[in-house]
$ cat data-v6.tsv   # TSV, C-alpha atoms
chain	number	residue	atom	x	y	z
K	1	MET	CA	29.68	-17.80	25.41
K	2	ALA	CA	30.01	-20.63	22.93
K	3	THR	CA	33.44	-21.83	21.90
K	4	ASP	CA	34.68	-20.27	18.73
K	5	PRO	CA	35.56	-23.15	16.36
K	6	PHE	CA	37.95	-21.11	14.25
K	7	ASN	CA	39.29	-18.69	16.87
K	8	PHE	CA	37.60	-15.72	15.26
K	9	VAL	CA	39.35	-12.78	16.86
K	10	THR	CA	38.59	-9.97	14.44
K	11	THR	CA	35.83	-7.49	15.18
K	12	ARG	CA	33.38	-8.40	12.42
K	13	TRP	CA	33.54	-12.12	13.05
K	14	SER	CA	33.24	-11.55	16.78
K	15	LEU	CA	30.02	-9.70	16.05
K	16	VAL	CA	28.86	-12.62	13.91
K	17	LEU	CA	29.40	-15.04	16.77
K	18	LEU	CA	27.65	-12.81	19.28
K	19	ALA	CA	24.74	-12.26	16.90
K	20	GLY	CA	24.49	-16.00	16.38
K	21	GLU	CA	24.17	-16.39	20.13
K	22	GLY	CA	21.27	-13.97	20.21
K	23	SER	CA	22.95	-10.66	21.04
K	24	GLU	CA	20.62	-7.86	19.92
K	25	LEU	CA	23.45	-5.33	20.30
K	26	ALA	CA	25.72	-7.30	17.96
K	27	MET	CA	22.89	-7.75	15.47
K	28	GLY	CA	22.20	-4.03	15.59
K	29	LYS	CA	25.85	-3.18	14.89
K	30	LEU	CA	25.94	-5.55	11.94
K	31	ALA	CA	22.73	-4.05	10.58
K	32	GLU	CA	24.10	-0.53	10.90
K	33	SER	CA	27.43	-1.42	9.29
K	34	TYR	CA	26.17	-3.37	6.29
K	35	ARG	CA	22.73	-1.97	5.55
K	36	ILE	CA	23.91	-0.08	2.44
K	37	PRO	CA	25.70	-3.02	0.73
K	38	LEU	CA	22.73	-5.28	1.48
K	39	HIS	CA	20.27	-2.70	0.14
K	40	THR	CA	22.40	-2.32	-3.00
K	41	TYR	CA	22.53	-6.09	-3.53
K	42	ILE	CA	18.80	-6.61	-3.05
K	43	THR	CA	18.02	-3.69	-5.36
K	44	ALA	CA	20.26	-5.15	-8.06
K	45	LEU	CA	18.41	-8.46	-7.75
K	46	GLY	CA	15.30	-6.63	-8.89
K	47	TYR	CA	13.56	-5.76	-5.62
K	48	ALA	CA	14.21	-2.01	-5.45
K	49	GLN	CA	10.79	-1.05	-4.09
K	50	GLU	CA	10.97	-3.72	-1.39
K	51	ALA	CA	14.65	-3.31	-0.52
K	52	ASP	CA	14.17	-1.34	2.70
K	53	ASP	CA	11.70	-3.84	4.11
K	54	LEU	CA	13.72	-6.84	2.98
K	55	VAL	CA	16.90	-5.56	4.63
K	56	GLN	CA	15.03	-4.96	7.87
K	57	ASP	CA	13.36	-8.37	7.71
K	58	PHE	CA	16.69	-10.04	6.96
K	59	PHE	CA	18.29	-8.83	10.16
K	60	ALA	CA	15.21	-9.74	12.16
K	61	SER	CA	14.80	-13.16	10.55
K	62	LYS	CA	14.97	-16.44	12.36
K	63	PHE	CA	16.90	-17.81	9.39
K	64	LEU	CA	19.83	-15.47	9.97
K	65	LYS	CA	20.05	-16.08	13.68
K	66	GLU	CA	19.94	-19.84	13.21
K	67	GLY	CA	22.31	-19.84	10.27
K	68	PHE	CA	25.16	-17.69	11.60
K	69	LEU	CA	27.22	-20.28	13.47
K	70	HIS	CA	26.33	-23.15	11.17
K	71	ASN	CA	27.35	-21.26	8.06
K	72	THR	CA	30.73	-20.20	9.47
K	73	GLN	CA	31.85	-23.80	9.74
K	74	LYS	CA	33.46	-23.77	6.32
K	75	GLY	CA	33.79	-21.74	3.16
K	76	ASP	CA	36.36	-19.12	2.25
K	77	ARG	CA	35.83	-17.36	5.59
K	78	LYS	CA	35.38	-13.90	4.20
K	79	PHE	CA	32.62	-11.97	5.85
K	80	ARG	CA	31.70	-10.41	2.52
K	81	THR	CA	30.86	-13.74	0.88
K	82	PHE	CA	29.36	-15.20	4.04
K	83	LEU	CA	26.87	-12.37	4.50
K	84	LYS	CA	25.96	-12.34	0.81
K	85	ALA	CA	25.23	-16.07	0.93
K	86	CYS	CA	22.99	-15.56	3.95
K	87	VAL	CA	20.96	-12.80	2.34
K	88	ARG	CA	20.83	-14.72	-0.94
K	89	HIS	CA	19.22	-17.67	0.83
K	90	PHE	CA	16.89	-15.33	2.68
K	91	ILE	CA	15.69	-13.67	-0.54
K	92	ILE	CA	15.01	-17.03	-2.16
K	93	ASP	CA	13.17	-18.23	0.94
K	94	THR	CA	11.10	-15.04	0.97
K	95	LYS	CA	10.33	-14.63	-2.72
K	96	ASP	CA	9.89	-18.27	-3.70
K	97	PRO	CA	8.52	-20.09	-0.65
K	98	CYS	CA	7.35	-23.04	-2.77
K	99	ARG	CA	10.83	-24.14	-3.66
K	100	ARG	CA	12.37	-27.05	-1.75
K	101	ARG	CA	15.86	-27.15	-0.29
K	102	ARG	CA	17.55	-28.28	2.91
K	103	ALA	CA	16.65	-26.24	5.96
K	104	PRO	CA	19.47	-24.12	7.47
K	105	GLY	CA	21.68	-26.26	9.66
K	106	ASP	CA	20.90	-29.64	8.10
K	107	ARG	CA	24.42	-29.67	6.74
K	108	PRO	CA	26.42	-27.21	8.84
K	109	GLY	CA	28.47	-24.86	6.75
K	110	ASP	CA	26.96	-25.78	3.41
K	111	LEU	CA	26.37	-22.47	1.67
K	112	SER	CA	25.51	-24.14	-1.63
K	113	LEU	CA	21.93	-23.70	-2.78
K	114	GLU	CA	19.75	-26.55	-3.98
K	115	ILE	CA	16.45	-25.44	-5.49
K	116	GLU	CA	13.71	-27.55	-6.96
K	117	THR	CA	10.66	-25.84	-8.44
K	118	ASP	CA	7.84	-27.01	-10.69
K	119	ASP	CA	8.81	-24.96	-13.73
K	120	GLY	CA	12.13	-23.35	-12.75
K	121	THR	CA	10.88	-19.86	-13.64
K	122	PHE	CA	11.98	-18.18	-10.42
K	123	THR	CA	15.35	-19.94	-10.51
K	124	GLN	CA	16.05	-18.74	-14.05
K	125	GLN	CA	15.00	-15.16	-13.36
K	126	PHE	CA	16.99	-15.01	-10.14
K	127	ALA	CA	20.14	-16.43	-11.74
K	128	ALA	CA	19.90	-13.98	-14.64
K	129	ARG	CA	20.18	-11.05	-12.24
K	130	GLU	CA	22.87	-12.47	-9.97
K	131	VAL	CA	25.98	-11.48	-11.97
K	132	ALA	CA	25.11	-7.79	-11.87
K	133	ALA	CA	23.97	-8.08	-8.25
K	134	ASP	CA	27.24	-9.73	-7.20
K	135	LEU	CA	29.23	-6.89	-8.74
K	136	ALA	CA	26.99	-4.26	-7.15
K	137	TRP	CA	27.46	-5.98	-3.78
K	138	ASP	CA	31.25	-6.02	-4.00
K	139	GLN	CA	31.43	-2.40	-5.13
K	140	ALA	CA	29.13	-1.27	-2.33
K	141	TRP	CA	31.16	-3.35	0.14
K	142	ALA	CA	34.42	-1.68	-0.93
K	143	ARG	CA	32.86	1.78	-0.62
K	144	GLU	CA	31.57	0.92	2.84
K	145	LEU	CA	35.01	-0.14	4.09
K	146	LEU	CA	36.61	2.94	2.58
K	147	GLN	CA	34.01	5.22	4.16
K	148	ARG	CA	34.67	3.63	7.55
K	149	ALA	CA	38.41	4.21	7.15
K	150	ARG	CA	37.74	7.84	6.15
K	151	GLU	CA	35.64	8.43	9.23
K	152	LYS	CA	38.40	7.10	11.46
K	153	LEU	CA	40.95	9.34	9.76
K	154	GLU	CA	38.64	12.31	10.20
K	155	GLY	CA	38.42	11.54	13.91
K	156	GLU	CA	42.20	11.49	14.17
K	157	CYS	CA	42.51	14.77	12.25
K	158	GLU	CA	39.84	16.39	14.38
K	159	ARG	CA	41.83	15.59	17.51
K	160	ALA	CA	44.92	17.04	15.81
K	161	SER	CA	43.03	20.16	14.62
K	162	LYS	CA	43.61	19.24	10.95
K	163	VAL	CA	40.02	18.79	9.76
K	164	GLU	CA	40.14	21.60	7.20
K	165	LEU	CA	43.36	20.23	5.73
K	166	LEU	CA	41.79	16.77	5.55
K	167	HIS	CA	38.75	18.10	3.70
K	168	GLN	CA	41.04	19.69	1.13
K	169	PHE	CA	42.93	16.40	0.88
K	170	TYR	CA	39.72	14.51	0.17
K	171	ARG	CA	38.74	16.97	-2.57
K	172	VAL	CA	42.07	16.34	-4.27
K	173	LEU	CA	41.92	12.59	-3.64
K	174	ASP	CA	38.42	12.33	-5.09
K	175	GLU	CA	39.48	14.35	-8.13
K	176	GLU	CA	36.63	16.80	-7.75
K	177	PRO	CA	36.24	19.15	-10.75
K	178	ASP	CA	36.97	22.19	-8.60
K	179	ALA	CA	39.63	20.54	-6.42
K	180	PRO	CA	42.14	23.10	-5.15
K	181	SER	CA	45.75	23.18	-6.22
K	182	ARG	CA	48.48	22.59	-3.67
K	183	ARG	CA	49.16	26.32	-3.74
K	184	ASP	CA	45.51	27.09	-2.99
K	185	VAL	CA	45.53	24.68	-0.05
K	186	ALA	CA	48.75	26.20	1.26
K	187	GLN	CA	47.24	29.67	1.19
K	188	ALA	CA	43.95	28.57	2.78
K	189	CYS	CA	45.68	26.65	5.57
K	190	GLN	CA	48.57	29.10	6.00
K	191	MET	CA	51.18	26.49	5.16
K	192	THR	CA	53.97	26.17	2.64
K	193	GLU	CA	53.36	24.08	-0.48
K	194	GLY	CA	56.03	21.66	0.68
K	195	ALA	CA	54.30	21.22	4.03
K	196	VAL	CA	51.00	20.56	2.27
K	197	GLY	CA	52.66	17.92	0.12
K	198	VAL	CA	54.10	16.17	3.19
K	199	ALA	CA	50.76	16.36	5.02
K	200	PHE	CA	48.85	14.93	2.05
K	201	TYR	CA	51.35	12.08	1.74
K	202	ARG	CA	50.97	11.21	5.43
K	203	MET	CA	47.19	11.34	5.19
K	204	ARG	CA	47.21	9.05	2.19
K	205	GLU	CA	49.46	6.54	3.95
K	206	ARG	CA	47.36	6.68	7.10
K	207	LEU	CA	44.17	6.17	5.11
K	208	LYS	CA	45.73	3.13	3.45
K	209	ALA	CA	46.64	1.70	6.86
K	210	LEU	CA	43.15	2.28	8.25
K	211	LEU	CA	41.64	0.67	5.18
K	212	VAL	CA	43.84	-2.38	5.59
K	213	ASP	CA	42.63	-2.62	9.20
K	214	GLU	CA	39.03	-2.60	7.98
K	215	ILE	CA	39.74	-5.34	5.44
K	216	ARG	CA	41.56	-7.46	8.04
K	217	GLU	CA	38.47	-7.39	10.23
K	218	THR	CA	36.42	-9.10	7.52
K	219	VAL	CA	38.65	-12.15	6.95
K	220	THR	CA	39.34	-14.98	9.37
K	221	ASN	CA	42.89	-15.54	8.19
K	222	PRO	CA	45.04	-12.40	8.72
K	223	ASN	CA	47.12	-13.38	5.69
K	224	ASP	CA	44.10	-13.17	3.36
K	225	TRP	CA	43.68	-9.41	3.47
K	226	MET	CA	45.89	-8.78	0.43
K	227	GLU	CA	43.83	-11.16	-1.71
K	228	GLU	CA	40.65	-9.50	-0.47
K	229	GLN	CA	42.06	-6.05	-1.23
K	230	ARG	CA	43.03	-7.12	-4.76
K	231	HIS	CA	39.52	-8.41	-5.32
K	232	LEU	CA	37.86	-5.23	-4.08
K	233	VAL	CA	40.09	-3.16	-6.36
K	234	SER	CA	39.36	-5.40	-9.35
K	235	VAL	CA	35.59	-4.97	-9.14
K	236	PHE	CA	35.96	-1.29	-9.97
K	237	SER	CA	37.48	-2.09	-13.35
K	238	VAL	CA	34.06	-3.39	-14.40
K	239	PRO	CA	31.65	-0.63	-15.53
K	240	TYR	CA	28.58	-1.35	-13.44
K	241	HIS	CA	28.55	1.69	-11.18
K	242	ARG	CA	30.63	4.83	-11.55
K	243	SER	CA	33.91	4.14	-9.77
K	244	ASP	CA	34.26	6.60	-6.95
K	245	LEU	CA	36.92	4.56	-5.23
K	246	PRO	CA	39.97	6.77	-4.80
K	247	ASP	CA	43.59	5.78	-4.86
K	248	PRO	CA	44.15	4.37	-1.33
K	249	LEU	CA	42.47	1.08	-2.16
K	250	ARG	CA	44.56	0.65	-5.29

$ encode --input "data-v6.tsv" --output "structure tokens"
Amino acid sequence: MATDPFNFVTTRWSLVLLAGEGSELAMGKLAESYRIPLHTYITALGYAQEADDLVQDFFASKFLKEGFLHNTQKGDRKFRTFLKACVRHFIIDTKDPCRRRRAPGDRPGDLSLEIETDDGTFTQQFAAREVAADLAWDQAWARELLQRAREKLEGECERASKVELLHQFYRVLDEEPDAPSRRDVAQACQMTEGAVGVAFYRMRERLKALLVDEIRETVTNPNDWMEEQRHLVSVFSVPYHRSDLPDPLR
């Protein structure tokens, strides 16, 4: 295995390194984990009808496999921005093959994009859609991390025979129109209202902790997770998609 230049020890970056070395298993895990955010981003760029094929081609592309280790050499070392830069380059390579820019790896770690076209039409159209696409990407990314944390909490509750209580907790957390009251939950689960309140508090705190773990896995510096969390919260104050991000990320 190649030496890790930045001592990437977190799960997501370990997968990046393995994928860069040609591991099909690592590439498959990355594809499974981030297919939805990538599909959302590509759709927002204006390629909705082609999004499925483009996502699949992206993970199978020679560009990605060659660019992984080179592109981790510098930058802000957040997996979110790294992966978006990779797919951004891929889309431009795919949709505007006549443009001219440095091939991946000519300047290791340079995620900047230099495009030269005859009339600049593609560049202008692409740039006009990027602001909305960037927001859609970050919102989808936050939802993906939260969903992963929820699934882990559900696994823990299943082992503790508390799945029904967790489902009621999620209905309250998500502020569903017909969400049960604490009294209703107590009756359904044969608990006291006080016990339901304590259980919901513990579930909320555990969900927060699991979410922090997910965020930590996507940054190379363990101290950067708070900044990343603040950013992911902030994107839901912008009205692009309906915010369905519940309280634990706030």

$ residues_around --input "data-v6.tsv" --residues "Glu214 of chain K" --least-positions-apart "3" --cutoff "9 Å" --atoms "only C-alpha atoms" --output "number ranges by chain"
K: 145-146, 148-149, 209-211, 217-218

$ atom_distance --input "data-v6.tsv" --atom1 "atom CA of Arg12 of chain K" --atom2 "atom CA of Asn221 of chain K"
12.6 Å

$ atom_distance --input "data-v6.tsv" --atom1 "atom CA of His231 of chain K" --atom2 "atom CA of Gly46 of chain K"
24.5 Å

$ atom_distance --input "data-v6.tsv" --atom1 "atom CA of Arg88 of chain K" --atom2 "atom CA of Asp53 of chain K"
15.1 Å

$ closest_residue --input "data-v6.tsv" --among "K:Arg216, K:Arg182, K:Arg143, K:Arg159" --to "Ser33 of chain K" --atoms "all atoms listed in the file"
K:Arg143

$ residues_around --input "data-v6.tsv" --residues "Val198 of chain K" --least-positions-apart "6" --cutoff "12 Å" --atoms "all atoms listed in the file" --output "list of chain:residue names"
K:Leu165, K:Phe169, K:Arg182, K:Ala186, K:Met191, K:Thr192, K:Arg204, K:Glu205

$ residues_around --input "data-v6.tsv" --residues "Gly194 of chain K" --least-positions-apart "5" --cutoff "12 Å" --atoms "all atoms listed in the file" --output "PyMOL selection string"
chain K and resi 182-183+185-187+199-201

$ closest_residue --input "data-v6.tsv" --among "K:Ala19, K:Ile91, K:Leu153, K:Ala142" --to "Leu166 of chain K" --atoms "only C-alpha atoms"
K:Leu153

$ residues_near_point --input "data-v6.tsv" --point "(34.8, -15.2, 8.0)" --cutoff "6 Å" --atoms "all atoms listed in the file" --output "number ranges by chain"
K: 77-79, 219-220

$ residues_around --input "data-v6.tsv" --residues "Ala26 of chain K" --least-positions-apart "6" --cutoff "10 Å" --atoms "all atoms listed in the file" --output "PyMOL selection string"
chain K and resi 12+14-20+32

$ closest_residue --input "data-v6.tsv" --among "K:Gln49, K:Thr43, K:Gln56, K:Thr94" --to "Ala31 of chain K" --atoms "only C-alpha atoms"
K:Gln56

$ closest_residue --input "data-v6.tsv" --among "K:Leu38, K:Ala44, K:Ala140, K:Cys189" --to "Lys162 of chain K" --atoms "all atoms listed in the file"
K:Cys189

$ closest_residue --input "data-v6.tsv" --among "K:Ala127, K:Ala60, K:Met27, K:Ile215" --to "Trp141 of chain K" --atoms "only C-alpha atoms"
K:Ile215

$ closest_residue --input "data-v6.tsv" --among "K:Val196, K:Leu45, K:Met203, K:Leu25" --to "Ile92 of chain K" --atoms "all atoms listed in the file"
K:Leu45
